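Asker: Have a look at this one before I ask anything.
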Amino acid sequence: MKLFTELYVELDQTNKTNEKIEAMRFYFDQADARDAAWAFYFLSGRKPRQIIPSKKLREWAIELAGIPEWLYLESRDTVGDSAETIALLLPNNTTVDETPLHILVEQRLLPLRTSAEEIQRTEVFAAWSQMNYSQRLVYNKLISGSFRIGVSQQLVVRALSQISELPADIITHRAMGDWEPTSEFFSHLIDPAMDSDETPIARPFPFHLAHQMDFAPADLGQTSEWQAEWKWDGIRAQVIKRKEEVFVWSRGEDLITERFPEIAAAAAQLPNGSVLDGEILPWKDGRVLPFTELQKRIGRKNLSAKILAEVPVILQCYDLMEFEGRDIRTFDFKTRREFLEKLVNNLRPEARQVLNVTESVAGASWNDLGIAREKSRVLGVEGFMLKRLESPYRTGRHRGDWWKWKIDPLTIDAVLIYAQKGTGKRANLFTDYTFAVWKGIDLVPFAKAYSGLTDAEIRKVDRYVRDNTIETFGPVRSVTPKLVFEIAFEALQRSTRHKSGVAVRFPRILRWRDDKTIEQADSLDTIYEMLDAFQNPVNVSK
Amino acid sequence: MKSGLVTLTDRGLYCRQGDFYIDPWKPVKRAVLTHAHADHTYRGNEDYLVPAEGERLSRIRLGDEAKISTQKYGEIGLFNGVKVSFHPAGHVLGSSQVRVEFKGEIWVVSGDYKLMPDETCAPFEPIKCHHFITEATFGLPIYRWQPTKFVFSEINSWWRRNQEKGKASVIFAYSLGKSQRVMNGIDRSIGRIFTHGAVERLTDAYRESGVDMPETQYVGSVGNKRDFSGSLIVAPPSAQASTWLRRFGSHSTGFASGWMMVRGARRQRAVDRGFVLSDHADWPELLRAIQMSEAETVYVTHGFIEEVVRWLNENGQNAVPLKTQFIGDDAEEEIVNTGEHE
Ligand SMILES: [Zn+2]
Ligand SMILES: [Zn+2]
């Protein structure tokens, strides 16, 4: 794991894309294919399930470091990462572990999951005693299932593409779906022979991802060159029907077929050689349900008849990548959409209840579309997706053909009442905040948010928190109410689990309102009014 | 803090019997200063007593008008029967612990300190006392420094690697102390060294005080067309956000600080490399210094105060927190720079 740790350190140390690619090229040039396969596996964001719970690792580290638990916890709050805290606390060691990565993972890590605790302990202690600081860090992350590194799969693919001289899109496609990190897999991944002959039937296509529109829509030219469709807030999914089998993939490349039996059943009606792109949504009585409803389903292992009836799902289909067994990603969007409509229209009505081609919204001008967009909140959507009719289905995030034209968020002025230290980049600073609004003369917690401030502002708030702590409970501090922030969020929903009676979606800090006193913060009544406005469309659509 | 020989007031640590303050943060008649860092050296006091070894640095901070008298390490001054002496703290050039004694009761205000050897200042001197006031900037067991030699070999190889790629190396280090320690310890045969204005002035003071410094050139004096590739530039961290960096063309950035021990802190600084080099004691050094003081009571100021106090209490040492306005390593550089009106 020596070479891999060096790669980890290099990647962790630089924020320059070129240097990251260079470090990966160096690694993949040097590494044995068996090690490279695992490295690719980890770098592309996959990780084995947790092998040893971090609680156990913590206990053992505390034992070796000879410190009390509270001091470990303080240390971890400062570091913001358990694996790193443990690596920092273990007694110094300068020896270097030379075990190849694949041996380490296959023989020393994975088998430990089912071992008795005594054996786990002995193995972990032995590993720690052979490794230096950086190796322990990597090892702790792998063993606790928390390995993450600041490269996108796209970047890894770019490095491999440079080494193999293969187009990045080909490598991305080869790396989609389920695969085992073997030397055969890795050799195939960078094999210059480009025949796509024996593509595994379950393999999805890379998703085409949209950009947020950061300019006026008129800059896009004529509306006639574009299609506007509602931007749904669900689970992006790719549905595959090949050789009588159905596969449903999430954008995170998880196979989620079994979680959505309705979709699987409907997709089984599709002809072989069909691949659809769309959004899984909780849907009832012709209307989308709040996203939190979908979360209820995602969290469950077993889907009872009750939950299936309570939160039925559909797929709002919006693209087609494979038609009649043929990869049609290079066809223009207009044609793909025609094929998609044809495909879905040929289905039986029950299947069409679940697979629905998403509505295309007509508008003669951007102004018309802008007016149509006003209906977004009432419909439970986030605004429009704009898609260029002439565009191919691209790989990954691409600027130019797909744009998110979102509606402005809702905003509320709220008071900072609790703060907690952040993790990662924000470790050791109080960056995770809870905000409250007025309910009579009380401030009730309403939303948690941690993004949206500049580094300088974060430092200021951090200082404020340290100087104005009222009480400390575990990692959380309550502070004297004084700072007011404008909080933005996407949607509201009634909730009995929240003190305020509402749950907010995607809350974030819009800006610090240092011009306001806490008396000027909003009250729950304002929020209830907003809530009523969505639930009663008449109020909103003009 | 019991009403003893030294007490905490809203102006700073005060010795009533001798009528002087140590590192006061509000104007007073007589200020005894541990060292020239901004959070310990405020302007506006009537007169100052500083360690002779750090006089040049104090003068830069306090200005030409300030009434400064000096006293050498180990020499004893008398204030109304109170014996006052300076002893090396190993923190930066001229940094001192202040030892205060009256009728057999001994207090040591250690200021900022470290135990690790540092070529640019006298080594920390353990002093036995009844009452020891310690900092706790890095008072958690995650902070354990590597040998200085190791850190310098990292900095050197970083500089060399950048040089091979035709890049400049910009290292951020606090302008007083850390910058000079970096320049003293680095392999000066690698290339030319340039300094930011804030650093250059203090480096001159180090040179004049007899500390070995490599040849440096002030960036502002070399003109805009200068090619910096392959060179090392030493700058205070506050220079990072400025357009000042543009003139160096393609460059890599590094930050030399104890905070770099934690990856999150390094990412927050958004530098390419973090070098764990601190002028403050790490966890083992803090505990050792406290042990060597043999103090009955330990007062813990800036940093991880609660943590160090709790640890000491759980390990049979009488310790109490002390709320001073010293800030610690974190803010040293910002204040030094604004103080100099750079
Ligand atoms: Zn200092
Ligand atoms: Zn200090």
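Labels for the structure tokens follow display order: chains A, B, ..., residues from 1 in each chain, ligands from 1.
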Could the residues that lie within 12 Å of ligand 1, counting only C-alpha atoms and all ligand atoms, be listed as a ChimeraX atom specification?

Answerer: /B:23,33-41,89-97,110-114,135-137,174-178,278-281,302,326-333,335-336

Asker: Provide as an mmCIF file with C-alpha atoms, in the first residue's frame the residues of chain B at most 9 Å from chain A, counting only C-alpha atoms.

Answerer:
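The result, written out as part-v3.cif:
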```cif
data_model
loop_
_atom_site.group_PDB
_atom_site.id
_atom_site.type_symbol
_atom_site.label_atom_id
_atom_site.label_comp_id
_atom_site.auth_asym_id
_atom_site.auth_seq_id
_atom_site.Cartn_x
_atom_site.Cartn_y
_atom_site.Cartn_z
ATOM 1 C CA LEU B 140 -4.534 18.359 22.475
ATOM 2 C CA PRO B 141 -2.703 15.038 22.060
ATOM 3 C CA ILE B 142 -3.208 15.149 18.276
ATOM 4 C CA TYR B 143 -0.548 17.843 18.192
ATOM 5 C CA ARG B 144 2.831 16.148 18.307
ATOM 6 C CA MET B 261 -1.081 18.916 11.567
ATOM 7 C CA VAL B 262 -4.759 18.572 10.701
ATOM 8 C CA ARG B 263 -5.751 18.097 7.063
ATOM 9 C CA GLY B 264 -8.948 20.068 7.448
ATOM 10 C CA ALA B 265 -7.016 23.104 8.597
ATOM 11 C CA ARG B 266 -4.713 22.835 5.617
ATOM 12 C CA ARG B 267 -7.604 22.578 3.181
ATOM 13 C CA GLN B 268 -9.180 25.562 4.838
ATOM 14 C CA ARG B 269 -6.045 27.563 4.100
ATOM 15 C CA ALA B 270 -6.231 26.355 0.510
ATOM 16 C CA VAL B 271 -2.483 25.908 0.158
ATOM 17 C CA ASP B 272 -0.770 23.213 -1.865
ATOM 18 C CA ARG B 273 1.370 22.000 0.992
ATOM 19 C CA GLY B 274 1.203 22.214 4.756
ATOM 20 C CA GLU B 307 -8.965 20.402 27.836
ATOM 21 C CA TRP B 311 -6.319 16.617 31.875
#
```

Asker: Among stretch 45-180 of chain B, which ones does DSSP assign to strand (DSSP E) (computed from the backbone)? Answer as a PyMOL selection string.

Answerer: chain B and resi 47-51+67-71+76-79+82-88+96-102+105-109+131-136+168-172

Asker: Report as a list in words all protein, DNA and RNA residues lying within 8 Å of stretch 176-192 of chain A, evaluated on only C-alpha atoms, omitting residues in the same chain fewer than 5 positions from it.

Answerer: Ala33, Arg34, Asp35, Ala36, Ala37, Trp38, Phe40, Tyr41, Leu160, Ser161, Ser164, Glu165, Leu166, Ile171, Ala202, Arg203, Pro204, Phe205, Pro206, Trp249, Glu253, Asp254 and Leu255 of chain A

Asker: Would you export the selected residues with N, CA and C atoms as a tab-separated table (two decimals), in the first residue's frame, please?

Answerer:
```tsv
chain	number	residue	atom	x	y	z
A	33	ALA	N	-1.44	-4.32	-12.12
A	33	ALA	CA	-2.87	-4.24	-12.49
A	33	ALA	C	-3.78	-4.66	-11.35
A	34	ARG	N	-3.33	-5.59	-10.52
A	34	ARG	CA	-4.17	-6.06	-9.41
A	34	ARG	C	-4.37	-4.94	-8.38
A	35	ASP	N	-3.30	-4.18	-8.16
A	35	ASP	CA	-3.41	-3.03	-7.24
A	35	ASP	C	-4.18	-1.88	-7.90
A	36	ALA	N	-3.87	-1.67	-9.18
A	36	ALA	CA	-4.50	-0.56	-9.91
A	36	ALA	C	-6.02	-0.72	-9.93
A	37	ALA	N	-6.49	-1.98	-10.05
A	37	ALA	CA	-7.93	-2.21	-10.08
A	37	ALA	C	-8.57	-1.72	-8.78
A	38	TRP	N	-7.93	-2.03	-7.66
A	38	TRP	CA	-8.48	-1.57	-6.37
A	38	TRP	C	-8.36	-0.06	-6.24
A	40	PHE	N	-8.44	2.09	-8.62
A	40	PHE	CA	-9.49	2.69	-9.44
A	40	PHE	C	-10.84	2.59	-8.72
A	41	TYR	N	-11.04	1.44	-8.12
A	41	TYR	CA	-12.28	1.19	-7.38
A	41	TYR	C	-12.46	2.26	-6.29
A	160	LEU	N	-6.55	7.97	-16.86
A	160	LEU	CA	-6.46	6.68	-17.54
A	160	LEU	C	-6.54	6.86	-19.05
A	161	SER	N	-7.33	7.83	-19.46
A	161	SER	CA	-7.47	8.09	-20.88
A	161	SER	C	-6.14	8.56	-21.46
A	164	SER	N	-3.88	5.39	-21.63
A	164	SER	CA	-4.28	4.36	-22.58
A	164	SER	C	-4.53	4.92	-23.97
A	165	GLU	N	-4.61	6.23	-24.06
A	165	GLU	CA	-4.98	6.90	-25.31
A	165	GLU	C	-6.35	6.49	-25.83
A	166	LEU	N	-7.21	6.10	-24.90
A	166	LEU	CA	-8.60	5.80	-25.24
A	166	LEU	C	-9.45	7.03	-24.94
A	171	ILE	N	-13.97	4.85	-21.55
A	171	ILE	CA	-13.56	4.35	-20.23
A	171	ILE	C	-14.69	4.55	-19.23
A	202	ALA	N	-26.20	-5.54	-17.76
A	202	ALA	CA	-26.65	-4.61	-16.72
A	202	ALA	C	-25.98	-3.25	-16.80
A	203	ARG	N	-24.96	-3.12	-17.63
A	203	ARG	CA	-24.15	-1.89	-17.58
A	203	ARG	C	-24.91	-0.66	-18.04
A	204	PRO	N	-25.02	0.35	-17.18
A	204	PRO	CA	-25.71	1.58	-17.57
A	204	PRO	C	-24.81	2.50	-18.40
A	205	PHE	N	-25.42	3.48	-19.01
A	205	PHE	CA	-24.65	4.53	-19.68
A	205	PHE	C	-24.31	5.61	-18.67
A	206	PRO	N	-23.23	6.34	-18.92
A	206	PRO	CA	-22.97	7.49	-18.04
A	206	PRO	C	-24.11	8.51	-18.19
A	249	TRP	N	-30.88	1.81	-12.21
A	249	TRP	CA	-29.67	2.37	-11.60
A	249	TRP	C	-29.93	3.78	-11.11
A	253	GLU	N	-24.89	5.20	-9.20
A	253	GLU	CA	-24.59	3.86	-9.68
A	253	GLU	C	-24.90	2.78	-8.66
A	254	ASP	N	-25.96	2.97	-7.93
A	254	ASP	CA	-26.47	1.89	-7.09
A	254	ASP	C	-27.58	1.21	-7.87
A	255	LEU	N	-27.61	-0.11	-7.76
A	255	LEU	CA	-28.68	-0.87	-8.40
A	255	LEU	C	-29.88	-0.81	-7.46
```

Asker: Just give me the gap between atom CA of A:Asn140 and atom CA of A:Arg300 in Å, one decimal is fine.

Answerer: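 Answer for the atom CA of A:Asn140 to atom CA of A:Arg300 separation: 28.7 Å.
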
Asker: So which residues of stretch 116-262 of chain B fall under alpha helix (DSSP H) by DSSP, listed as an MDAnalysis selection string?

Answerer: chainID B and resid 148:164 178:185 197:208
